[in-house]
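Enquirer: This is the structure, below, for whatever I ask next.
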Protein chains: 2
Amino acid sequence: MKRHPIPLLYRSQHPHPCDDHLPPDLHAGLQQRITEVATSTVELARGENLAHSGAAFHHLYLVVSGAFKAVQLGAEGRSQIVCFYGPRELMGLSGFSQRRYTTDLSALMPSVVCEFPVQAIESAVSADRLLLERLLTYVSEGLERAEQDQFMLGSLTAPQKIACFLLRVQAMRRRIGGDANGFDLPMTREELGSYLGLTMETISRLLSHLHAQGVARIDKRHVQILRDDLLQAWRDEGVDLPLSKRKKSPELRVA
Amino acid sequence: MKRHPIPLLYRSQHPHPCDDHLPPDLHAGLQQRITEVATSTVELARGENLAHSGAAFHHLYLVVSGAFKAVQLGAEGRSQIVCFYGPRELMGLSGFSQRRYTTDLSALMPSVVCEFPVQAIESAVSADRLLLERLLTYVSEGLERAEQDQFMLGSLTAPQKIACFLLRVQAMRRRIGGDANGFDLPMTREELGSYLGLTMETISRLLSHLHAQGVARIDKRHVQILRDDLLQAWRDEGVDLPLSKRKKSPELRVA
DNA sequence: CGGTCGCTTGATAATCGTCAATTGATGTGG
DNA sequence: CCACATCAATTGACGATTATCAAGCGACCG
């Protein structure tokens with residue numbers, strides 16, 4: 001974990017490390033302001049942590065490259081991944097209420113982030129109404145995402161969860177940059193299972209099934225979705241697992 | 001659903017409908033500002049909706065009395081409750097990103113709320129740095145809660161979920177006001193099941209079991225927790241369901 | 001008084017977790 | 001460079017947690 005301070009002089013005079021890595025929908029003026037409050041970039045190896053649950057909340061982090069997971073810790077050593085982050089996403093937003101990080105933030109692969117002191121963010125925000133609205137929007141977006149995840153975890157079956165996840169990743173990819181043929185998942189089966197409330201084995205079986213059915217090409221971590229329509233059907237209507245003996249064909253009951 | 005406008009003249013000169021119903025940890029000066037932006041109070045009967053998923057995001061709502069549920073809608077008519085709200089809680093905070101409500105907000109019982117135009121909130125917030133920090137804190141708190149709920153939905157067993165829920169309600173009650181002997185749940189078994197990702201029947205069985213074991217008194221919607229320690233054990237270590245044949249006593253295997 | 005609603009309880013079954021064995025990839029040290 | 005260990009992933013067999021289906025009961029309401 002190497003930290004590279006960004007000298008004050010440097011800021012906003014040279015091309016900034018964050019340039020082209022800021023969240024979308026940001027006006028030029030705001031980009032300026034934001035790069036001014038970044039103090040360092042940090043490089044992390046796979047498995048290294050940016051923040052620990054319960055630690056003092058001093059920085060927000062912008063993912064420049066790589067990917068991260070946010071891990072909720074529970075009793076008895078249990079834990080669950082509650083969010084994944086990729087480039088241009090802001091991490092740490094749930095810390096404002098307690099002034100503590102509420103999850104661990106851990107790199108899924110070699111990654112680079114940009115570090116923003118909370119103090120400086122708050123000053124910049126009270127000086128600029130647009131910036132306030134942006135920050136509020138980001139936290140609110142996180143809340144919206146978390147509540148959708150609650151729905152996913154509580155109301156969908158295993159095949160529906162996987163389909164939902166893959167479709168979301170694809171939509172993300174589409175919004176960011178072009179995606180020629182497919183994409184690479186940054187997480188292991190176990191991590192994906194943790195996020196979806198399933199086991200590694202279930203994830204593996206379902207991905208194999210998707211492959212066998214020709215819905216997607218799955219090669220290790222590489223995924224190419226072949227039949228968007230079928231995947232949407234998986235998500236919205238569910239499917240029979242290959243494991244299931246047989247679909248219940250509800251025979252007419254005698255009245 | 002009756003709406004009662006609060007005349008401009010009236011505001012901050014008379015006792016305000018929101019007084020004593022504002023969120024905790026609010027300075028006197030902020031209370032003043034907040035009551036100034038409230039435009040109406042609204043009375044709702046059980047089942048009436050304050051907001052519909054996808055509708056334009058014009059107001060935040062403060063619960064004055066009663067209780068609400070936030071309902072996420074999914075494909076094929078599925079839905080799940082993602083949050084319950086009681087007095088002094090702010091509803092609608094997930095709407096800032098899309099400028100649309102992301103859930104339905106529906107009254108669980110006859111209730112009263114105070115209505116705040118988003119526009120006015122944002123003006124007040126840019127004028128007052130403390131108010132900004134408060135609002136940010138509330139949204140961030142919501143995010144923290146939702147991520148805890150993700151953990152609950154994805155990582156806990158049915159008995160653990162119920163125990164977790166009851167302990168949270170009790171902690172809430174303790175923070176707000178005194179609680180003599182127990183409390184009344186504002187939601188049906190079905191609504192609680194929706195929130196916890198379980199069915200009505202499972203909720204009913206587990207509450208009966210808690211009663212039978214002497215962990216809590218359960219009488220319809222009224223709950224009195226008798227053994228905090230046992231309930232915490234339910235939450236942290238899990239228990240055997242009464243339905244389960246037998247706990248797997250892992251016999252020593254021959255090597 | 002009939003009907004709906006909320007709730008309880010029982011019987012059955014299916015989804016998905018657990019346990020186990022295997023394979024291939026990666027990396028490390030002798 | 002190869003043996004060895006470790007880790008990610010796949011696949012199978014089995015079982016338990018929890019959903020589904022069903023029946024019944026009391027309360028409340030029009």
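Ordering of the structure tokens sets the chain letters (A, B, ...); residue numbers start at 1 within each chain; ligands are numbered from 1 in the order shown.
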Could you name the residues that touch region 5-7 of chain D at 9 Å or less, counting only C-alpha atoms (C1' of nucleotides), but leaving out those on the same chain fewer than 6 positions away, as a JSON list (two decimals) with N, CA and C atoms (P, O5', C5', C4', C3', O3' and C1' of nucleotides), in the first residue's frame?

Expert:
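Writing the result to out25.json gives the following:
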```json
[["chain", "number", "residue", "atom", "x", "y", "z"],
["C", 25, "DA", "P", -4.90, -25.06, -16.29],
["C", 25, "DA", "O5'", -4.61, -23.85, -15.29],
["C", 25, "DA", "C5'", -5.69, -23.10, -14.77],
["C", 25, "DA", "C4'", -5.17, -22.16, -13.69],
["C", 25, "DA", "C3'", -3.80, -21.55, -14.00],
["C", 25, "DA", "O3'", -3.81, -20.18, -13.65],
["C", 25, "DA", "C1'", -3.70, -22.71, -11.95],
["C", 26, "DT", "P", -2.64, -19.22, -13.99],
["C", 26, "DT", "O5'", -1.99, -18.86, -12.58],
["C", 26, "DT", "C5'", -2.83, -18.71, -11.42],
["C", 26, "DT", "C4'", -1.95, -18.72, -10.19],
["C", 26, "DT", "C3'", -0.53, -18.16, -10.43],
["C", 26, "DT", "O3'", -0.27, -17.15, -9.47],
["C", 26, "DT", "C1'", -0.45, -20.22, -9.31],
["C", 27, "DG", "P", 1.01, -16.23, -9.56],
["C", 27, "DG", "O5'", 1.77, -16.58, -8.19],
["C", 27, "DG", "C5'", 1.03, -17.10, -7.08],
["C", 27, "DG", "C4'", 1.96, -17.83, -6.15],
["C", 27, "DG", "C3'", 3.42, -17.34, -6.22],
["C", 27, "DG", "O3'", 3.95, -17.38, -4.92],
["C", 27, "DG", "C1'", 3.36, -19.63, -6.59],
["C", 28, "DT", "P", 5.16, -16.53, -4.43],
["C", 28, "DT", "O5'", 5.65, -17.31, -3.13],
["C", 28, "DT", "C5'", 4.95, -18.49, -2.73],
["C", 28, "DT", "C4'", 5.96, -19.55, -2.32],
["C", 28, "DT", "C3'", 7.42, -19.07, -2.29],
["C", 28, "DT", "O3'", 8.07, -19.55, -1.14],
["C", 28, "DT", "C1'", 7.24, -20.98, -3.60]]
```

Enquirer: Taking the DSSP secondary structure from the backbone, can you list the residues of region 41-248 of chain A that are helix (DSSP H, G or I), as an MDAnalysis selection string?

Expert: chainID A and resid 75:77 93:95 118:127 129:155 158:176 189:196 200:212 228:237

Enquirer: Show me, as a list in words, the residues that have an atom within 12 Å of DG30 (chain D) when counting only C-alpha atoms (C1' of nucleotides), minus same-chain residues fewer than 4 positions from it.

Expert: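 What passes the distance filter is DC1, DG2, DG3 and DT4 of chain C.
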
Enquirer: Just need the residues of chain C within 10 Å of chain A, counting only C-alpha atoms (C1' of nucleotides), so spit them out as a ChimeraX atom specification.

Expert: /C:14-18

Enquirer: Just write the chosen residues, C-alpha atoms (C1' of nucleotides), as a PDB file, in the first residue's frame.

Expert:
```pdb
ATOM      1  C1'  DA C  14     -38.152 -27.938  -2.799  1.00  0.00           C
ATOM      2  C1'  DT C  15     -34.395 -24.851  -2.801  1.00  0.00           C
ATOM      3  C1'  DC C  16     -30.179 -24.321  -1.498  1.00  0.00           C
ATOM      4  C1'  DG C  17     -26.475 -25.294   2.042  1.00  0.00           C
ATOM      5  C1'  DT C  18     -23.139 -28.672   3.684  1.00  0.00           C
TER       6       DT C  18
END
```

Enquirer: Identify every residue of chain D that has at least one atom within 9 Å of any atom of chain B, counting only C-alpha atoms (C1' of nucleotides), and report the result as a PyMOL selection string.

Expert: chain D and resi 16-19

Enquirer: Give me a file of those residues, with all heavy atoms, as a tab-separated table (two decimals), in the first residue's frame.

Expert:
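Output (result-v4.tsv):
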```tsv
chain	number	residue	atom	x	y	z
D	16	DA	P	-30.75	-33.54	8.33
D	16	DA	OP1	-29.92	-34.13	9.38
D	16	DA	OP2	-32.05	-34.12	7.98
D	16	DA	O5'	-30.96	-32.00	8.67
D	16	DA	C5'	-29.89	-31.10	8.46
D	16	DA	C4'	-30.44	-29.74	8.07
D	16	DA	O4'	-30.84	-29.74	6.69
D	16	DA	C3'	-31.68	-29.33	8.85
D	16	DA	O3'	-31.65	-27.94	8.96
D	16	DA	C2'	-32.82	-29.72	7.92
D	16	DA	C1'	-32.18	-29.33	6.59
D	16	DA	N9	-32.74	-30.00	5.43
D	16	DA	C8	-33.19	-31.29	5.35
D	16	DA	N7	-33.63	-31.62	4.15
D	16	DA	C5	-33.44	-30.47	3.41
D	16	DA	C6	-33.70	-30.18	2.05
D	16	DA	N6	-34.23	-31.06	1.21
D	16	DA	N1	-33.42	-28.93	1.62
D	16	DA	C2	-32.89	-28.05	2.49
D	16	DA	N3	-32.59	-28.22	3.77
D	16	DA	C4	-32.91	-29.47	4.18
D	17	DT	P	-32.13	-27.27	10.26
D	17	DT	OP1	-31.00	-27.23	11.19
D	17	DT	OP2	-33.41	-27.92	10.66
D	17	DT	O5'	-32.42	-25.77	9.75
D	17	DT	C5'	-31.52	-25.22	8.81
D	17	DT	C4'	-32.27	-24.43	7.75
D	17	DT	O4'	-32.92	-25.32	6.82
D	17	DT	C3'	-33.37	-23.51	8.29
D	17	DT	O3'	-33.26	-22.29	7.61
D	17	DT	C2'	-34.66	-24.26	7.95
D	17	DT	C1'	-34.27	-24.91	6.64
D	17	DT	N1	-35.03	-26.12	6.26
D	17	DT	C2	-35.36	-26.31	4.93
D	17	DT	O2	-35.08	-25.51	4.05
D	17	DT	N3	-36.05	-27.47	4.67
D	17	DT	C4	-36.42	-28.44	5.58
D	17	DT	O4	-37.02	-29.45	5.22
D	17	DT	C5	-36.04	-28.18	6.95
D	17	DT	C7	-36.41	-29.16	8.02
D	17	DT	C6	-35.38	-27.05	7.22
D	18	DT	P	-34.00	-21.00	8.15
D	18	DT	OP1	-33.09	-19.89	7.87
D	18	DT	OP2	-34.50	-21.25	9.51
D	18	DT	O5'	-35.24	-20.87	7.16
D	18	DT	C5'	-34.98	-20.78	5.76
D	18	DT	C4'	-36.23	-21.15	4.99
D	18	DT	O4'	-36.49	-22.55	5.10
D	18	DT	C3'	-37.52	-20.42	5.43
D	18	DT	O3'	-38.12	-19.91	4.28
D	18	DT	C2'	-38.32	-21.54	6.05
D	18	DT	C1'	-37.90	-22.70	5.17
D	18	DT	N1	-38.24	-24.05	5.66
D	18	DT	C2	-38.66	-24.99	4.76
D	18	DT	O2	-38.73	-24.80	3.57
D	18	DT	N3	-38.98	-26.21	5.31
D	18	DT	C4	-38.93	-26.54	6.65
D	18	DT	O4	-39.24	-27.67	7.03
D	18	DT	C5	-38.48	-25.51	7.54
D	18	DT	C7	-38.38	-25.77	9.01
D	18	DT	C6	-38.16	-24.31	7.01
D	19	DA	P	-39.30	-18.89	4.27
D	19	DA	OP1	-38.71	-17.57	3.99
D	19	DA	OP2	-40.17	-19.07	5.45
D	19	DA	O5'	-40.09	-19.37	2.96
D	19	DA	C5'	-39.35	-19.66	1.79
D	19	DA	C4'	-40.20	-20.50	0.84
D	19	DA	O4'	-40.33	-21.84	1.36
D	19	DA	C3'	-41.61	-19.97	0.62
D	19	DA	O3'	-41.96	-20.15	-0.76
D	19	DA	C2'	-42.46	-20.84	1.54
D	19	DA	C1'	-41.69	-22.15	1.56
D	19	DA	N9	-41.78	-22.86	2.84
D	19	DA	C8	-41.41	-22.38	4.08
D	19	DA	N7	-41.60	-23.24	5.05
D	19	DA	C5	-42.10	-24.36	4.42
D	19	DA	C6	-42.49	-25.63	4.90
D	19	DA	N6	-42.44	-25.98	6.18
D	19	DA	N1	-42.96	-26.51	3.98
D	19	DA	C2	-43.02	-26.16	2.70
D	19	DA	N3	-42.67	-25.01	2.13
D	19	DA	C4	-42.21	-24.14	3.05
```

Enquirer: Any idea what the distance is between CA of Tyr101 (chain A) and CA of Asp25 (chain B)?

Expert: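 Rounded to one decimal, the two atoms are 20.2 Å apart.
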
Enquirer: Could you work out which residues of chain A fall inside 9 Å of chain B? Count only C-alpha atoms, and format the result as a VMD selection string.

Expert: chain A and resid 72 to 76 78 to 83 93 to 98 102 122 to 123 125 to 129 132 to 144 146 to 151 153 to 155 194 to 198 235 to 237

Enquirer: Counting only C-alpha atoms (C1' of nucleotides), what is within 7 Å of region 228-234 of chain A, bar same-chain residues fewer than 2 positions away, as a ChimeraX atom specification?

Expert: /A:159-160,163,215,225-226,236-239

Enquirer: Work out how far apart CA of Glu36 (chain A) and CA of Gln119 (chain B) are and give it in Å to one decimal.

Expert: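 Pair CA of Glu36 (chain A) / CA of Gln119 (chain B) returns 28.5 Å.
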
Enquirer: Taking 3 positions as the minimum chain separation for residues in the same chain, which residues sit within 10 Å of Tyr85 (chain A) when counting only C-alpha atoms (C1' of nucleotides)? Answer as a list in words.

Expert: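 Contacts, in chain order: Leu62, Val63, Gly66, Ala67, Phe68, Lys69, Ala70, Arg88, Glu89, Leu90, Met91, Leu105, Ser106, Ala107, Leu108 and Pro186 of chain A.
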
Enquirer: So the first atom is CA of Met109 (chain A) and the second is CA of Arg205 (chain A); what is the distance between them in Å, to one decimal place?

Expert: 24.4 Å

Enquirer: Region 23-190 of chain B: which residues are strand (DSSP E or B) by DSSP, as a PyMOL selection string?

Expert: chain B and resi 40-44+49-51+56+59-65+68-73+79-85+90-91+100+104-107+111-117+183-184
